[in-house]
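So this one's target.txt, compact mmCIF, C-alpha atoms and all ligand atoms:
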```
# COMPACT_ATOMS: atom_id res chain seq x y z
CA MET A 11 152.28 98.40 93.54
CA ASN A 12 149.46 100.34 95.11
CA ALA A 13 146.39 100.14 92.84
CA ASP A 14 145.58 103.83 93.40
CA ILE A 15 148.97 104.90 92.10
CA VAL A 16 148.57 102.70 89.04
CA ALA A 17 145.07 104.00 88.36
CA ALA A 18 146.17 107.64 88.74
CA SER A 19 149.14 107.10 86.42
CA ARG A 20 146.94 105.44 83.83
CA GLU A 21 144.44 108.27 84.00
CA LEU A 22 147.22 110.84 83.52
CA LYS A 23 148.73 108.95 80.59
CA GLY A 24 145.30 108.85 78.98
CA GLY A 25 145.00 112.65 79.15
CA GLY A 26 142.93 112.79 82.35
CA VAL A 27 143.18 114.92 85.46
CA VAL A 28 143.69 113.65 89.03
CA VAL A 29 143.87 115.19 92.49
CA LEU A 30 147.12 114.43 94.33
CA PRO A 31 148.43 115.41 97.75
CA THR A 32 151.64 117.40 98.18
CA GLU A 33 153.33 118.62 101.34
CA THR A 34 152.06 122.17 100.67
CA VAL A 35 148.46 121.90 99.40
CA TYR A 36 146.50 119.41 97.28
CA GLY A 37 147.16 119.68 93.53
CA LEU A 38 145.02 119.11 90.43
CA ALA A 39 147.43 117.31 88.11
CA ALA A 40 147.65 116.59 84.38
CA ASN A 41 150.38 115.52 81.97
CA ALA A 42 152.27 118.77 81.34
CA LEU A 43 153.36 117.59 77.89
CA ASP A 44 149.75 117.23 76.72
CA GLY A 45 148.17 120.63 76.03
CA GLU A 46 144.64 119.24 75.87
CA ALA A 47 145.03 117.53 79.24
CA VAL A 48 146.37 120.75 80.74
CA ARG A 49 143.41 122.66 79.32
CA LYS A 50 141.10 120.47 81.43
CA ILE A 51 142.77 121.84 84.58
CA PHE A 52 141.85 125.38 83.58
CA THR A 53 138.27 124.34 82.81
CA ILE A 54 137.75 122.43 86.05
CA LYS A 55 139.15 125.27 88.16
CA GLY A 56 137.55 128.06 86.15
CA ARG A 57 141.05 129.50 85.96
CA PRO A 58 141.97 132.20 83.43
CA LEU A 59 144.45 131.01 80.82
CA ASN A 60 146.86 133.83 81.65
CA ASN A 61 147.68 132.25 85.01
CA PRO A 62 150.59 129.82 84.46
CA LEU A 63 150.97 126.43 86.13
CA ILE A 64 153.80 124.87 88.08
CA LEU A 65 155.51 121.81 86.61
CA HIS A 66 156.17 119.01 89.12
CA VAL A 67 159.19 116.72 88.67
CA LEU A 68 160.55 113.69 90.48
CA ASP A 69 164.02 115.12 91.13
CA SER A 70 166.56 117.63 89.88
CA SER A 71 167.74 115.27 87.13
CA TRP A 72 164.45 116.02 85.32
CA LEU A 73 165.20 119.77 85.13
CA GLU A 74 167.24 119.42 81.98
CA ARG A 75 164.41 117.67 80.15
CA TYR A 76 162.14 120.67 80.49
CA SER A 77 164.29 123.78 81.03
CA HIS A 78 167.55 125.44 80.00
CA VAL A 79 169.18 125.02 83.35
CA LYS A 80 172.91 125.01 82.53
CA LYS A 81 173.49 128.74 82.82
CA TYR A 82 172.01 128.65 86.31
CA SER A 83 173.49 125.35 87.44
CA ILE A 84 175.50 126.77 90.36
CA ARG A 85 172.45 128.38 91.92
CA ILE A 86 170.20 125.46 91.03
CA GLU A 87 172.49 122.90 92.62
CA LYS A 88 172.54 124.88 95.83
CA ILE A 89 168.78 125.32 95.94
CA THR A 90 167.84 121.78 94.96
CA GLY A 91 170.57 120.30 97.16
CA ALA A 92 169.30 122.17 100.20
CA PHE A 93 165.55 122.16 99.67
CA TRP A 94 164.39 119.47 97.19
CA PRO A 95 162.16 117.62 97.52
CA GLY A 96 160.35 120.44 99.26
CA PRO A 97 158.26 123.60 99.11
CA ILE A 98 160.30 125.76 96.75
CA THR A 99 159.60 126.36 93.05
CA VAL A 100 162.23 127.73 90.68
CA VAL A 101 161.52 129.71 87.51
CA LEU A 102 163.78 128.81 84.56
CA PRO A 103 163.82 129.31 80.75
CA LYS A 104 161.58 126.60 79.31
CA LYS A 105 162.34 124.11 76.58
CA ALA A 106 160.03 123.83 73.56
CA ILE A 107 158.70 120.46 74.73
CA ILE A 108 156.55 122.29 77.31
CA PRO A 109 153.33 123.51 75.65
CA ASP A 110 152.62 127.23 75.89
CA ILE A 111 149.39 126.63 77.77
CA VAL A 112 151.40 125.50 80.83
CA THR A 113 153.31 128.79 81.04
CA SER A 114 150.56 131.05 79.64
CA GLY A 115 152.83 131.81 76.71
CA SER A 116 155.81 132.80 78.85
CA SER A 117 159.26 131.59 77.78
CA ARG A 118 159.87 130.61 81.39
CA VAL A 119 158.56 127.68 83.37
CA ALA A 120 158.10 127.28 87.13
CA ILE A 121 159.31 123.87 88.37
CA ARG A 122 159.08 122.14 91.72
CA CYS A 123 159.76 118.75 93.27
CA PRO A 124 157.04 117.89 95.80
CA ASP A 125 157.89 116.14 99.04
CA HIS A 126 155.04 113.68 99.28
CA PRO A 127 155.35 109.90 98.77
CA ILE A 128 152.06 109.61 96.84
CA PHE A 129 152.86 112.42 94.41
CA GLN A 130 156.39 111.06 93.97
CA ALA A 131 155.08 107.54 93.31
CA VAL A 132 152.77 108.87 90.59
CA LEU A 133 155.64 110.85 89.00
CA ARG A 134 157.84 107.75 89.08
CA THR A 135 155.18 105.40 87.73
CA SER A 136 153.87 107.67 84.99
CA ASP A 137 157.33 109.07 84.16
CA LEU A 138 155.52 112.30 83.22
CA PRO A 139 156.07 115.87 84.39
CA LEU A 140 152.82 116.97 85.99
CA ALA A 141 151.33 120.44 85.75
CA ALA A 142 149.39 121.03 88.97
CA PRO A 143 147.82 124.11 90.49
CA SER A 144 146.14 123.97 93.86
CA ALA A 145 142.98 121.83 93.70
CA ASN A 146 140.43 124.57 94.40
CA PRO A 147 138.06 126.59 92.23
CA PHE A 148 139.95 129.64 90.96
CA GLY A 149 140.36 132.34 93.61
CA TYR A 150 139.12 130.23 96.52
CA VAL A 151 141.04 129.01 99.57
CA SER A 152 143.58 126.24 98.76
CA PRO A 153 142.78 122.74 100.08
CA THR A 154 144.98 121.04 102.67
CA CYS A 155 142.94 117.86 103.09
CA ILE A 156 140.91 115.68 100.73
CA GLY A 157 137.61 116.67 102.37
CA GLN A 158 138.20 120.28 101.35
CA VAL A 159 138.87 119.23 97.75
CA LYS A 160 135.70 117.18 97.61
CA ALA A 161 133.67 120.01 99.12
CA THR A 162 134.67 122.42 96.36
CA LEU A 163 135.52 120.35 93.26
CA GLY A 164 132.99 117.62 94.01
CA ASP A 165 132.52 115.14 91.20
CA ARG A 166 134.43 117.16 88.61
CA VAL A 167 137.43 114.84 89.06
CA LYS A 168 137.18 111.04 89.06
CA ILE A 169 140.41 110.11 90.81
CA MET A 170 141.37 111.86 94.04
CA LEU A 171 144.13 110.33 96.16
CA ASP A 172 143.98 110.95 99.89
CA GLY A 173 147.40 111.65 101.40
CA GLY A 174 146.20 112.99 104.74
CA GLU A 175 146.63 116.52 105.97
CA CYS A 176 149.28 118.59 104.17
CA ALA A 177 152.32 119.07 106.40
CA ILE A 178 153.08 122.67 105.37
CA GLY A 179 149.65 124.06 104.46
CA LEU A 180 150.83 127.00 102.30
CA GLU A 181 151.80 126.93 98.63
CA SER A 182 155.51 126.74 97.77
CA THR A 183 157.89 129.68 97.76
CA ILE A 184 158.47 130.76 94.14
CA LEU A 185 162.00 131.92 93.31
CA ASP A 186 163.05 133.58 90.07
CA ILE A 187 166.56 132.28 89.82
CA THR A 188 167.26 133.81 86.39
CA SER A 189 167.35 137.47 87.38
CA PRO A 190 170.76 139.04 88.18
CA VAL A 191 169.70 139.10 91.80
CA PRO A 192 167.39 136.13 92.56
CA ARG A 193 163.92 137.26 93.52
CA ILE A 194 161.05 135.79 95.50
CA LEU A 195 157.81 135.97 93.50
CA ARG A 196 155.63 134.28 96.12
CA PRO A 197 156.59 133.83 99.79
CA GLY A 198 156.26 130.38 101.35
CA ALA A 199 157.64 128.16 104.06
CA ILE A 200 161.20 128.50 102.75
CA THR A 201 162.10 132.04 103.67
CA ALA A 202 164.24 134.68 101.97
CA ASP A 203 166.86 134.39 104.72
CA ALA A 204 167.13 130.62 104.31
CA ILE A 205 167.51 130.99 100.52
CA SER A 206 170.03 133.78 100.79
CA GLU A 207 172.13 131.75 103.20
CA VAL A 208 172.15 128.70 100.93
CA LEU A 209 172.97 130.75 97.82
CA GLY A 210 175.59 132.81 99.61
CA GLU A 211 174.24 135.96 97.94
CA ASP A 212 171.62 138.59 98.54
CA ILE A 213 168.17 137.98 97.15
CA ILE A 214 165.22 140.30 96.63
CA ASP A 215 162.48 139.50 99.08
CA HIS A 216 158.86 139.49 98.11
CA ASP A 217 157.04 142.75 98.76
CA VAL A 218 153.33 142.31 99.32
CA GLN A 219 152.51 145.96 98.63
CA ILE A 220 154.36 146.16 95.33
CA VAL A 221 153.10 142.81 94.12
CA SER A 222 149.53 143.60 94.97
CA GLU A 223 149.55 146.85 92.99
CA ASN A 224 151.62 145.64 90.09
CA PRO A 225 151.95 141.87 89.84
CA SER A 226 155.57 140.81 89.33
CA ALA A 227 154.58 137.23 88.62
CA PRO A 228 151.71 136.30 86.38
CA GLY A 229 148.97 135.03 88.60
CA GLN A 230 150.11 136.88 91.71
CA LEU A 231 146.75 138.53 92.01
CA LYS A 232 145.80 141.05 94.62
CA GLN A 233 142.65 139.06 95.37
CA HIS A 234 143.09 135.37 95.93
CA TYR A 235 142.45 132.58 98.42
CA CYS A 236 139.14 134.35 99.17
CA THR A 237 136.40 133.18 101.47
CA ASP A 238 132.82 133.99 100.53
CA THR A 239 132.26 135.33 104.05
CA ARG A 240 133.50 138.85 104.69
CA LEU A 241 137.03 138.63 106.12
CA VAL A 242 138.52 141.48 108.16
CA LEU A 243 142.11 141.52 109.42
CA PHE A 244 143.34 143.13 112.62
CA GLU A 245 146.73 143.63 114.21
CA HIS A 246 147.75 141.75 117.34
CA GLY A 247 146.69 143.75 120.39
CA SER A 248 144.07 145.82 118.54
CA ARG A 249 141.28 147.24 120.63
CA GLU A 250 137.78 148.20 119.60
CA LEU A 251 137.29 145.11 117.48
CA SER A 252 133.55 145.25 117.91
CA GLN A 253 133.36 148.01 115.27
CA TYR A 254 133.92 145.24 112.70
CA PHE A 255 131.25 142.92 114.05
CA ALA A 256 128.40 142.18 111.66
CA GLY A 257 125.60 139.95 112.91
CA LYS A 258 127.00 136.51 113.68
CA THR A 259 130.74 137.12 113.90
CA ALA A 260 133.68 134.75 114.38
CA ILE A 261 137.10 135.84 115.54
CA VAL A 262 140.35 133.92 114.93
CA PHE A 263 143.56 134.54 116.82
CA MET A 264 147.03 133.29 115.93
CA GLN A 265 147.18 131.48 119.28
CA ARG A 266 144.82 130.50 122.05
CA PRO A 267 144.07 133.66 124.06
CA LYS A 268 145.77 133.34 127.45
CA ASN A 269 142.93 135.02 129.24
CA PHE A 270 140.18 133.29 127.30
CA ASP A 271 137.23 134.10 129.58
CA GLY A 272 138.32 137.69 129.91
CA ILE A 273 138.62 138.09 126.14
CA ALA A 274 135.22 136.48 125.50
CA LYS A 275 133.63 138.79 128.02
CA LYS A 276 135.34 141.88 126.68
CA LEU A 277 134.38 141.07 123.10
CA GLN A 278 130.90 140.02 124.17
CA LEU A 279 131.14 137.01 121.88
CA PRO A 280 130.06 133.48 122.77
CA ALA A 281 132.99 131.17 123.49
CA GLU A 282 132.07 129.09 120.40
CA ALA A 283 132.71 132.08 118.16
CA ILE A 284 136.34 132.41 119.25
CA PHE A 285 138.97 130.39 117.38
CA TRP A 286 142.74 130.12 117.10
CA PHE A 287 145.10 128.65 114.53
CA SER A 288 147.56 127.23 117.07
CA ASP A 289 147.68 126.64 120.82
CA ASP A 290 150.97 128.40 121.40
CA GLY A 291 151.53 130.72 118.41
CA ASN A 292 153.87 128.32 116.57
CA LEU A 293 153.70 129.79 113.06
CA ASN A 294 154.30 126.46 111.34
CA VAL A 295 151.15 125.19 113.01
CA VAL A 296 149.32 128.38 112.01
CA ALA A 297 150.36 127.79 108.39
CA ARG A 298 149.20 124.17 108.51
CA ASN A 299 145.78 125.15 109.88
CA LEU A 300 145.26 128.43 108.04
CA PHE A 301 143.30 127.39 104.95
CA SER A 302 141.33 124.59 106.62
CA THR A 303 140.22 126.92 109.42
CA LEU A 304 139.20 129.64 106.97
CA GLN A 305 137.25 127.17 104.88
CA ARG A 306 135.55 125.67 107.94
CA LEU A 307 134.48 129.10 109.16
CA ASP A 308 133.42 130.09 105.65
CA SER A 309 130.94 127.22 105.53
CA ALA A 310 129.63 127.90 109.06
CA HIS A 311 127.40 130.81 108.02
CA TYR A 312 129.00 133.69 109.83
CA ASN A 313 128.35 137.22 108.62
CA ALA A 314 131.95 138.19 109.24
CA ILE A 315 135.26 136.56 110.15
CA LEU A 316 137.76 138.72 112.02
CA CYS A 317 141.28 137.39 111.75
CA GLU A 318 144.44 138.46 113.56
CA ARG A 319 147.54 139.15 111.43
CA PRO A 320 150.71 137.18 112.24
CA PRO A 321 154.10 138.65 113.12
CA ARG A 322 155.85 139.39 109.82
CA ALA A 323 158.90 137.17 110.28
CA GLY A 324 159.85 133.75 108.95
CA ILE A 325 156.84 131.87 107.62
CA GLY A 326 154.68 134.68 109.08
CA ILE A 327 155.44 136.66 105.91
CA ALA A 328 153.81 133.99 103.74
CA ILE A 329 150.85 133.61 106.12
CA ASP A 330 150.29 137.36 106.05
CA ASP A 331 150.56 137.41 102.25
CA ARG A 332 147.74 134.86 101.96
CA LEU A 333 145.57 136.70 104.50
CA LEU A 334 146.01 140.07 102.80
CA ARG A 335 145.00 138.62 99.45
CA ALA A 336 142.07 136.78 101.01
CA ALA A 337 140.78 139.97 102.63
CA ALA A 338 141.44 142.21 99.61
CA LYS A 339 138.01 141.47 98.11
CA PHE A 340 136.28 143.05 101.11
CA LYS A 341 136.48 146.76 101.77
CA GLN A 342 138.24 147.02 105.14
O1 LIG B 401 152.84 124.47 96.53
C1 LIG B 401 152.51 124.72 95.37
O2 LIG B 401 153.21 125.40 94.62
C2 LIG B 401 151.16 124.16 94.88
C3 LIG B 401 151.24 122.64 94.85
C4 LIG B 401 150.02 121.99 94.25
O3 LIG B 401 152.41 122.23 94.20
N1 LIG B 401 150.82 124.69 93.59
C5 LIG B 401 150.38 125.95 93.43
O4 LIG B 401 149.95 126.25 92.14
O5 LIG B 401 150.32 126.77 94.32
P1 LIG B 401 149.06 127.51 91.78
O6 LIG B 401 148.65 127.30 90.39
O7 LIG B 401 147.99 127.66 92.78
O8 LIG B 401 150.06 128.71 91.79
C6 LIG B 401 151.02 128.78 90.75
C7 LIG B 401 151.62 130.16 90.66
C8 LIG B 401 150.95 131.05 89.62
O9 LIG B 401 149.83 131.69 90.12
C9 LIG B 401 152.08 132.00 89.27
O10 LIG B 401 152.07 133.05 90.20
C10 LIG B 401 153.33 131.18 89.48
O11 LIG B 401 152.94 130.01 90.14
N2 LIG B 401 153.94 130.79 88.20
C11 LIG B 401 153.70 129.69 87.47
N3 LIG B 401 154.44 129.68 86.35
C12 LIG B 401 155.16 130.81 86.37
C13 LIG B 401 156.11 131.38 85.48
N4 LIG B 401 156.46 130.78 84.33
N5 LIG B 401 156.68 132.56 85.81
C14 LIG B 401 156.34 133.16 86.99
N6 LIG B 401 155.43 132.67 87.87
C15 LIG B 401 154.85 131.52 87.56
MG MG B 402 146.35 128.33 93.82
```
For the file at hand, write its structure as structure tokens.
Amino acid sequence: MNADIVAASRELKGGGVVVLPTETVYGLAANALDGEAVRKIFTIKGRPLNNPLILHVLDSSWLERYSHVKKYSIRIEKITGAFWPGPITVVLPKKAIIPDIVTSGSSRVAIRCPDHPIFQAVLRTSDLPLAAPSANPFGYVSPTCIGQVKATLGDRVKIMLDGGECAIGLESTILDITSPVPRILRPGAITADAISEVLGEDIIDHDVQIVSENPSAPGQLKQHYCTDTRLVLFEHGSRELSQYFAGKTAIVFMQRPKNFDGIAKKLQLPAEAIFWFSDDGNLNVVARNLFSTLQRLDSAHYNAILCERPPRAGIGIAIDDRLLRAAAKFKQ
């Protein structure tokens, strides 16, 4: 077996913390059954203890070990059958074996099954459920490649496994499956429509405005994923963008501007200050490149980053959610 997988599993069994790739973002993992190991995650991230962690499992057969799933088995079978392994997390009543520190004292636990061969190999080898938040300092942009993790967590973690670039690039959709009408607590790549179709029932979609004023999920903070550089959002087709310019300014579009020279001239920005998340506006590509682009621009010493908002449909809802939270720290 791969020596890295063995080393990571050994570290986890010994109460250590390791960085592992998932299909969404990189995670900072510890044995979820070991409260002291889990505490190290909070310390390394500088994360408040009232922000619960997601439990990662190998497959749906592990659900019963850690949660009271029976009452919800019809919904769970539909969701896990359609989407696991994959970027959707379900919230269920927790069993006592899960220490309170994982759920911040809540009687419910969020569980997901990551779709990445390295993470799965570590789950299989260690035979442990792994608590893992995104592998970034608390509040900062989530990492989608190992370079980003190293740039922000540095030598705080000994073992970091490189699994390449994350295929999705946004954290998982979180679904509260226990409420009378299932409810999305955090939007992600798996959309409300896709979930509703699989369940064969209506679900309550996530509402950015409501959540930002009055968090419906612990940890769904108004400010999150923030760059240090001032970030300003604008709607597609907005004019008069120069009012937001501040010294050295970068601008990021959802797709490559069709009339690039014309746009550069109109904005009076050098061509090198104009960026885009995707060539053709494919929102899956935007999602994949979102956090890495923001982090790259954040470390490039701009005074301001202007960023176009995506269309609010499909995965665009989750992209917009992350951008709104990222910009919330800066007065618009
Ligand atoms: O894609 C993902 O979900 C990534 C990868 C690493 O798996 N993980 C991730 O973890 O995004 P994190 O810690 O950055 O976000 C976890 C969020 C919390 O902020 C909270 O909103 C929600 O999950 N959460 C966790 N436990 C919960 C619970 N018991 N009830 C409600 N929400 C919960
Ligand atoms: Mg996070």
Write out as JSON, numbers by chain each polymer residue whose atoms come within 12 Å of segment 12-19 of chain A, counting all atoms listed in the file; drop sequence neighbours fewer than 5 positions from it.
{"A": [24, 25, 26, 27, 28, 29, 30, 31, 38, 39, 40, 41, 127, 128, 129, 130, 131, 132, 133, 134, 135, 136, 137, 138, 139, 140, 167, 168, 169, 170, 171, 172, 173]}
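The list of residues with at least one atom within 10 Å of Val101 of chain A, based on all atoms listed in the file and without residues fewer than 6 positions apart in the same chain, reads Ile64, Leu65, Ser77, Val79, Arg118, Val119, Ala120, Ile121, Arg122, Ile184, Leu185, Asp186, Ile187, Thr188, Ser189, Arg193 and Leu195 of chain A.
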For those residues, write C-alpha atoms to a file as a CSV table (one decimal), in the coordinates of the input.
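Printed below is result_5.csv as written:
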```
chain,number,residue,atom,x,y,z
A,64,ILE,CA,153.8,124.9,88.1
A,65,LEU,CA,155.5,121.8,86.6
A,77,SER,CA,164.3,123.8,81.0
A,79,VAL,CA,169.2,125.0,83.4
A,118,ARG,CA,159.9,130.6,81.4
A,119,VAL,CA,158.6,127.7,83.4
A,120,ALA,CA,158.1,127.3,87.1
A,121,ILE,CA,159.3,123.9,88.4
A,122,ARG,CA,159.1,122.1,91.7
A,184,ILE,CA,158.5,130.8,94.1
A,185,LEU,CA,162.0,131.9,93.3
A,186,ASP,CA,163.0,133.6,90.1
A,187,ILE,CA,166.6,132.3,89.8
A,188,THR,CA,167.3,133.8,86.4
A,189,SER,CA,167.4,137.5,87.4
A,193,ARG,CA,163.9,137.3,93.5
A,195,LEU,CA,157.8,136.0,93.5
```
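Coordinates place atom CA of Gly37 of chain A at a distance of 13.9 Å from atom CA of Arg166 of chain A.
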Contacts of chain A with ligand LIG 401 (chain B) up to 8 Å, shortest pair per row, all atoms listed in the file, as CSV:
```
residue,atom,partner,partner_atom,distance
A:Pro31,CA,B:LIG401,C4,7.6
A:Thr32,CA,B:LIG401,C3,6.2
A:Glu33,CA,B:LIG401,O1,7.6
A:Thr34,CA,B:LIG401,O1,4.8
A:Val35,CA,B:LIG401,C4,5.4
A:Tyr36,CA,B:LIG401,C4,5.3
A:Gly37,CA,B:LIG401,C4,3.7
A:Leu38,CA,B:LIG401,C4,6.9
A:Asn61,CA,B:LIG401,O9,5.6
A:Pro62,CA,B:LIG401,N3,4.3
A:Leu63,CA,B:LIG401,C11,4.5
A:Ile64,CA,B:LIG401,C11,4.9
A:Leu65,CA,B:LIG401,N3,7.9
A:His66,CA,B:LIG401,O3,7.1
A:Pro97,CA,B:LIG401,O1,6.1
A:Ile98,CA,B:LIG401,O2,7.4
A:Thr99,CA,B:LIG401,O2,6.6
A:Val101,CA,B:LIG401,N5,5.9
A:Leu102,CA,B:LIG401,N4,7.6
A:Val112,CA,B:LIG401,N3,7.6
A:Thr113,CA,B:LIG401,N4,5.0
A:Ser114,CA,B:LIG401,N4,7.5
A:Ser116,CA,B:LIG401,N4,5.9
A:Ser117,CA,B:LIG401,N4,7.2
A:Arg118,CA,B:LIG401,N4,4.5
A:Val119,CA,B:LIG401,N4,3.9
A:Ala120,CA,B:LIG401,N3,4.4
A:Ile121,CA,B:LIG401,N3,7.8
A:Arg122,CA,B:LIG401,O3,7.1
A:Pro124,CA,B:LIG401,O3,6.5
A:Ala142,CA,B:LIG401,C4,5.4
A:Pro143,CA,B:LIG401,O6,3.3
A:Ser144,CA,B:LIG401,O7,4.3
A:Ala145,CA,B:LIG401,C4,7.1
A:Ser152,CA,B:LIG401,O7,7.6
A:Leu180,CA,B:LIG401,O1,6.6
A:Glu181,CA,B:LIG401,O1,3.4
A:Ser182,CA,B:LIG401,O1,3.7
A:Thr183,CA,B:LIG401,O2,7.1
A:Ile184,CA,B:LIG401,O11,6.9
A:Asp186,CA,B:LIG401,C14,7.4
A:Leu195,CA,B:LIG401,N6,6.9
A:Arg196,CA,B:LIG401,O10,7.0
A:Ala227,CA,B:LIG401,N6,4.7
A:Pro228,CA,B:LIG401,O10,5.0
A:Gly229,CA,B:LIG401,O9,3.8
A:Gln230,CA,B:LIG401,O10,4.6
A:Leu231,CA,B:LIG401,O9,7.7
```
Please measure the separation of atom CA of Ser288 of chain A and atom CA of Arg306 of chain A, giving the value in Å to one decimal.
15.2 Å
Using only the atoms of segment 272-285 of chain A listed in the file, plus 3 Å on each side, state the axis-aligned box centre and edge lengths in Å rounded to one decimal, as lines of an AutoDock Vina configuration file.
```
center_x = 134.5
center_y = 135.5
center_z = 123.6
size_x = 14.9
size_y = 18.8
size_z = 18.5
```
Shell around Thr201 of chain A at 10 Å using only C-alpha atoms, local window under 5 positions removed, as a PyMOL selection string
chain A and resi 98+183+194+206+215-216+323-328
Selection to disk with C-alpha atoms, as a CSV table (one decimal), in the coordinates of the input:
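Saved file again21.csv follows:
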```
chain,number,residue,atom,x,y,z
A,98,ILE,CA,160.3,125.8,96.8
A,183,THR,CA,157.9,129.7,97.8
A,194,ILE,CA,161.0,135.8,95.5
A,206,SER,CA,170.0,133.8,100.8
A,215,ASP,CA,162.5,139.5,99.1
A,216,HIS,CA,158.9,139.5,98.1
A,323,ALA,CA,158.9,137.2,110.3
A,324,GLY,CA,159.8,133.8,109.0
A,325,ILE,CA,156.8,131.9,107.6
A,326,GLY,CA,154.7,134.7,109.1
A,327,ILE,CA,155.4,136.7,105.9
A,328,ALA,CA,153.8,134.0,103.7
```
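The residue that comes closest to ligand MG 402 (chain B), out of A:Ala177, A:Ile214, A:Ile315, A:Cys236 and on the basis of all atoms listed in the file, is A:Cys236.
The interatomic distance for the pair atom CA of Leu251 of chain A and atom CA of Arg332 of chain A works out to 21.3 Å.
Applying the 12 Å criterion to (134.6, 131.1, 120.9) in file coordinates and using all atoms listed in the file, one obtains the residues A:Lys258, A:Thr259, A:Ala260, A:Ile261, A:Val262, A:Phe263, A:Arg266, A:Pro267, A:Phe270, A:Asp271, A:Gly272, A:Ile273, A:Ala274, A:Lys275, A:Leu277, A:Gln278, A:Leu279, A:Pro280, A:Ala281, A:Glu282, A:Ala283, A:Ile284, A:Phe285, A:Trp286, A:Leu307.
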My list of candidates is A:Ala202, A:Met264, A:Ala336, A:Val191. Which is closest to ligand MG 402 (chain B) when distances are computed with only C-alpha atoms and all ligand atoms?
A:Ala336
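Distances from A:Asn146, A:Gln233, A:Gln253, A:Thr239 to ligand MG 402 (chain B) were compared using all atoms listed in the file, and the smallest one belongs to A:Asn146.
Closest approach to ligand MG 402 (chain B) among A:Thr90, A:Ser71, A:Asn292, A:Thr154 is made by A:Thr154 (distances from only C-alpha atoms and all ligand atoms).
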Pick from A:Ile111, A:Ala47, A:Leu59, A:Ile178 nearest to Gly96 of chain A, counting all atoms listed in the file
A:Ile178
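The nearest approach to ligand MG 402 (chain B) among the residues A:Ala92, A:Leu209, A:Ala42, A:Val151, with all atoms listed in the file taken into account, belongs to A:Val151.
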Env of Val242 of chain A: 8 Å cut, atoms = all atoms listed in the file, seq-sep filter 3 positions within chain, self excluded. Answer as a PyMOL selection string.
chain A and resi 254+314-317+337+340+342
Write to file, as a short mmCIF file (atom, residue, chain, number, x, y, z; two decimals), keeping the file's coordinate frame, the residues of the selection just made, with C-alpha atoms.
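Contents of out19.cif, freshly written:
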```
data_model
loop_
_atom_site.label_atom_id
_atom_site.label_comp_id
_atom_site.auth_asym_id
_atom_site.auth_seq_id
_atom_site.Cartn_x
_atom_site.Cartn_y
_atom_site.Cartn_z
CA TYR A 254 133.92 145.24 112.70
CA ALA A 314 131.95 138.19 109.24
CA ILE A 315 135.26 136.56 110.15
CA LEU A 316 137.76 138.72 112.02
CA CYS A 317 141.28 137.39 111.75
CA ALA A 337 140.78 139.97 102.63
CA PHE A 340 136.28 143.05 101.11
CA GLN A 342 138.24 147.02 105.14
#
```
For Asp69 of chain A, work out the shell of residues within 8 Å, counting all atoms listed in the file and skipping chain neighbours fewer than 4 positions away, then give it as a list in words.
Leu73, Trp94, Pro95 and Cys123 of chain A
